[in-house]
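K.L.:
Quick one: the structure is below, and I'll ask about it shortly.
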Amino acid sequence: MAGTRVPLSPPDTATLLDTEEVTPDLTLAPARPGETRHALAARTLREAVLDGRLPEGTRLPGHRRLAQRLGVSRNTLVDALTQLHAEGYVRPRGRSGTVISVPALPGPARVNAPALPLSAWAIRALRGQVPEAGGDTFAVDFRVGQPVPELYPESAWTQALARRAAQVTHAHPHDPLGPLETRRALAAYLSAERGARVTPDMVMLTGGTQSALDALARVFLEPGRLAAAEDPTYAGARAALAATGADVTGVPVDDGGLRTDALPGRATLVYVTPGCQYPTAVSLSAARRQALIAWATAADAFILEDDYAADLHLTSRPPPVLQGLAPDRVILLGSFSKSLAPVTRSGFLVAPPDVLRVLTGTRPLTDRLPGRLDALALADVLSSGAYARHLRRARGTVAHRQETLVTELRRALTGWTVTPVASGLHLYLPLPSPWTEEQVLDRAAAQGVALSPVSPLAAGGHVPAVLLGFAGLPAEQLRDGARRLGLALRGAP
């Protein structure tokens with residue numbers, strides 16, 4: 001090792017002092033992948049210093065004895081002590097041996113560290129978070145939010161990335177809305193496939209729906225203002241609205257979607273998922289679409305339309321977006337993370353030009369444009385027809401998996417209502433009385449099955465229900481999961 005080596009101590013019998021007798025019985029820490037022996041010995045001693053087992057001023061045993069305690073060679077120990085000397089943890093004292101000195105690096109965090117001086121926004125934002133799917137391993141994992149990698153058009157996407165890679169190295173005029181050719185491709189796609197009334201100058205590329213919601217909430221909401229959202233709903237939307245300090249009122253949902261008769265008298269924003277309500281998967285009826293637009297006009301409010309599941313409509317063409325009926329009142333949000341690739345930051349919003357001027361003006365403070373490479377690749381995938389071809393294949397796979405699960409659940413859960421959905425990647429399963437979500441989750445977990453509860457998505461009272469994400473599971477796992485649920489939920493709770 002480069003640098004001055006720590007001098008070797010004289011023979012142990014000449015250097016052992018009283019302080020050495022109280023040196024803890026050190027053992028070598030577990031090795032990390034790729035860690036050399038001298039680095040491992042240095043880390044072992046460093047951690048002993050930091051956690052107080054080797055206090056400042058402690059004289060270390062002679063090198064031979066300390067090497068024996070750690071189970072390393074003498075030369076390895078010398079290299080480790082040389083490293084610790086360079087870092088300031090030890091200092092040699094000639095014939096007196098090696099002594100622990102004040103560490104050059106900070107010690108461990110204090111047990112009673114002072115509370116962080118968080119802002120009111122941070123406190124509200126943290127309060128609104130819902131844990132993502134993950135954690136324990138189950139035989140069958142129906143929790144929503146799981147990736148579905150085999151449904152992604154990997155070949156088309158990687159080919160588009162490769163074609164466009166060279167272009168992103170050249171300078172391009174900055175466009176705060178995103179590359180014009182991508183916005184043109186998106187406008188054409190949304191007009192043809194979703195019934196949107198949109199031109200390229202109404203499109204802004206985003207990092208995804210959540211970043212768009214955050215930007216819109218910051219621009220339009222503040223303490224003292226009111227926002228509305230479906231109840232139950234996507235927890236990230238409610239959290240983004242509430243983090244601003246605005247009051248957020250929940251509007252109940254039934255078989256016809258958002259209950260427009262329960263909307264507040266006035267509000268600045270209302271968040272809705274009319275094409276496929278999250279999490280119940282119902283569509284907003286035509287009459288309520290008209291009523292919602294009439295309410296927004298009277299309340300001078302904007303409608304935030306999250307079109308999250310339209311590309312994965314399974315039974316027929318999805319209903320056109322609400323934005324096509326009222327482009328001056330509706331801000332359309334979308335993302336390709338579920339249908340294209342979870343790693344791409346390819347989202348968008350469609351809004352009136354006045355709204356986009358405000359968003360582009362405030363964007364440098366809170367957000368950055370998505371990567372240009374992803375944006376250009378998205379333009380190619382959309383305009384070439386590769387995305388449409390991919391969706392036809394993906395819809396067939398997802399529809400078959402849903403059919404398998406619904407059939408097996410109806411067989412396994414007699415007396416329960418199992419209804420297929422027209423869009424999306426999960427089933428909404430209401431619980432018959434007197435079952436509670438906690439009872440169902442516990443019983444299912446005991447049989448190796450994970451489910452998602454609806455209660456974290458609800459602000460007020462709601463029908464007890466669970467969600468089963470099915471799109472990422474092959475048929476044999478879907479059958480096994482239904483069988484296990486039948487065993488778990490047999491009889492009374």
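As shown in the structure tokens, the chain order sets the letters A, B, ...; within each chain, residues go from 1, and ligands are also counted from 1 in the order they appear.
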Skipping near chain neighbours, those fewer than 2 positions away, what residues fall within 10 Å of Arg91 (chain A) using only C-alpha atoms, listed as a ChimeraX atom specification?
P.N.:
/A:6-7,57,59,81-82,84-89,93-94,97-102
K.L.:
Give me the residues within 7 Å of region 451-468 of chain A as a short mmCIF file (atom, residue, chain, number, x, y, z; two decimals) with N, CA, C and O atoms, in the first residue's frame, counting only C-alpha atoms and dropping any in the same chain fewer than 3 places off.
P.N.:
```
data_model
loop_
_atom_site.label_atom_id
_atom_site.label_comp_id
_atom_site.auth_asym_id
_atom_site.auth_seq_id
_atom_site.Cartn_x
_atom_site.Cartn_y
_atom_site.Cartn_z
N VAL A 130 -48.57 6.28 0.45
CA VAL A 130 -49.04 4.90 0.63
C VAL A 130 -47.91 3.99 0.20
O VAL A 130 -47.35 4.16 -0.88
N ASP A 141 -48.55 -13.25 -5.87
CA ASP A 141 -48.58 -11.84 -5.47
C ASP A 141 -49.55 -11.08 -6.38
O ASP A 141 -49.23 -10.74 -7.52
N PHE A 142 -50.75 -10.80 -5.85
CA PHE A 142 -51.76 -10.06 -6.58
C PHE A 142 -51.70 -8.56 -6.31
O PHE A 142 -52.59 -7.82 -6.76
N ARG A 143 -50.73 -8.08 -5.57
CA ARG A 143 -50.70 -6.66 -5.24
C ARG A 143 -50.57 -5.80 -6.49
O ARG A 143 -49.83 -6.14 -7.41
N VAL A 144 -51.30 -4.68 -6.51
CA VAL A 144 -51.27 -3.81 -7.69
C VAL A 144 -49.94 -3.06 -7.73
O VAL A 144 -49.24 -2.93 -6.73
N ASP A 231 -63.47 9.46 -4.47
CA ASP A 231 -63.19 8.75 -3.24
C ASP A 231 -63.89 7.39 -3.29
O ASP A 231 -65.12 7.34 -3.31
N PRO A 232 -63.09 6.29 -3.37
CA PRO A 232 -61.62 6.21 -3.29
C PRO A 232 -60.96 6.63 -4.59
O PRO A 232 -61.61 6.73 -5.63
N THR A 233 -59.63 6.84 -4.50
CA THR A 233 -58.91 7.28 -5.68
C THR A 233 -57.44 6.94 -5.56
O THR A 233 -56.98 6.43 -4.53
N TYR A 234 -56.69 7.23 -6.61
CA TYR A 234 -55.25 7.06 -6.62
C TYR A 234 -54.63 7.91 -5.51
O TYR A 234 -54.80 9.13 -5.49
N ALA A 235 -53.94 7.26 -4.59
CA ALA A 235 -53.44 7.97 -3.41
C ALA A 235 -52.42 9.05 -3.76
O ALA A 235 -52.35 10.09 -3.09
N GLY A 250 -63.40 14.60 -0.66
CA GLY A 250 -63.65 13.37 -1.43
C GLY A 250 -65.06 13.35 -1.97
O GLY A 250 -66.01 13.71 -1.27
N HIS A 426 -56.13 -4.72 -12.94
CA HIS A 426 -56.51 -5.34 -11.67
C HIS A 426 -58.01 -5.56 -11.60
O HIS A 426 -58.79 -4.90 -12.30
N LEU A 427 -58.42 -6.51 -10.76
CA LEU A 427 -59.82 -6.72 -10.43
C LEU A 427 -60.15 -6.02 -9.12
O LEU A 427 -59.33 -5.99 -8.20
N TYR A 428 -61.37 -5.50 -9.05
CA TYR A 428 -61.89 -4.88 -7.83
C TYR A 428 -62.87 -5.88 -7.22
O TYR A 428 -63.87 -6.24 -7.84
N LEU A 429 -62.55 -6.37 -6.02
CA LEU A 429 -63.35 -7.43 -5.40
C LEU A 429 -63.99 -6.91 -4.12
O LEU A 429 -63.34 -6.85 -3.06
N PRO A 430 -65.27 -6.51 -4.16
CA PRO A 430 -65.95 -6.08 -2.93
C PRO A 430 -66.15 -7.27 -2.01
O PRO A 430 -66.34 -8.41 -2.44
N LEU A 431 -66.10 -7.01 -0.71
CA LEU A 431 -66.17 -8.09 0.28
C LEU A 431 -67.59 -8.24 0.80
O LEU A 431 -68.22 -7.26 1.21
N THR A 436 -63.92 -8.14 6.68
CA THR A 436 -63.19 -6.88 6.65
C THR A 436 -61.93 -7.06 5.80
O THR A 436 -61.48 -8.19 5.57
N GLU A 437 -61.39 -5.94 5.34
CA GLU A 437 -60.19 -6.02 4.52
C GLU A 437 -59.04 -6.67 5.30
O GLU A 437 -58.29 -7.50 4.76
N LEU A 441 -57.01 -9.98 4.07
CA LEU A 441 -55.57 -9.91 3.82
C LEU A 441 -54.81 -10.91 4.68
O LEU A 441 -53.88 -11.58 4.21
#
```
K.L.:
Could you find all residues in region 257-341 of chain A that DSSP calls strand (DSSP E or B) from the backbone, and write them as a list of chain:residue names?
P.N.:
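Put together, the selection reads A:Gly257, A:Leu258, A:Leu269, A:Val270, A:Tyr271, A:Val272, A:Phe302, A:Ile303, A:Leu304, A:Glu305, A:Asp306, A:His313, A:Val330, A:Ile331, A:Leu332, A:Leu333, A:Gly334, A:Ser335.
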K.L.:
Between CA of Val350 (chain A) and CA of Arg225 (chain A), what is the distance in Å, rounded to a tenth?
P.N.:
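CA of Arg225 (chain A) lies at a distance of 23.4 Å from CA of Val350 (chain A).
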K.L.:
Counting only C-alpha atoms, what is within 8 Å of region 382-389 of chain A, bar same-chain residues fewer than 2 positions away, as a PyMOL selection string?
P.N.:
chain A and resi 153+156+185-186+189+340+378-380+391-393
K.L.:
Kindly indicate which residue among A:Phe470, A:Val90, A:Ile303, A:Thr244 lies nearest to Pro55 (chain A), using only C-alpha atoms for the distances.
P.N.:
A:Val90
K.L.:
Fewer than 5 positions away in the same chain doesn't count, so skip those; otherwise give me all residues within 8 Å of Val406 (chain A), counting only C-alpha atoms, as a list in words.
P.N.:
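So the residues in contact are Val418, Thr419 and Pro420 of chain A.
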K.L.:
Any idea what's packed within 9 Å of region 267-269 of chain A, counting only C-alpha atoms, ignoring anything in its chain fewer than 4 positions away? Could you give it as a PyMOL selection string?
P.N.:
chain A and resi 217+220-221+225-229+241+263+296+299-304
K.L.:
Quick check, in Å to one decimal: how far apart do CA of Gly334 (chain A) and CA of Val251 (chain A) lie?
P.N.:
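About the pair CA of Gly334 (chain A) and CA of Val251 (chain A): they are 21.9 Å apart.
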K.L.:
Return the single residue from A:Val330, A:Ala475, A:Val355, A:Ala29 that is closest to Leu405 (chain A), with distances computed using only C-alpha atoms.
P.N.:
A:Ala475
K.L.:
Would you please work out which residue, of A:Thr315, A:Leu213, A:Thr414, A:Tyr278, is nearest to Gly396 (chain A) when using only C-alpha atoms?
P.N.:
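Checking each of A:Thr315, A:Leu213, A:Thr414, A:Tyr278 against Gly396 (chain A), counting only C-alpha atoms, the winner is A:Thr315.
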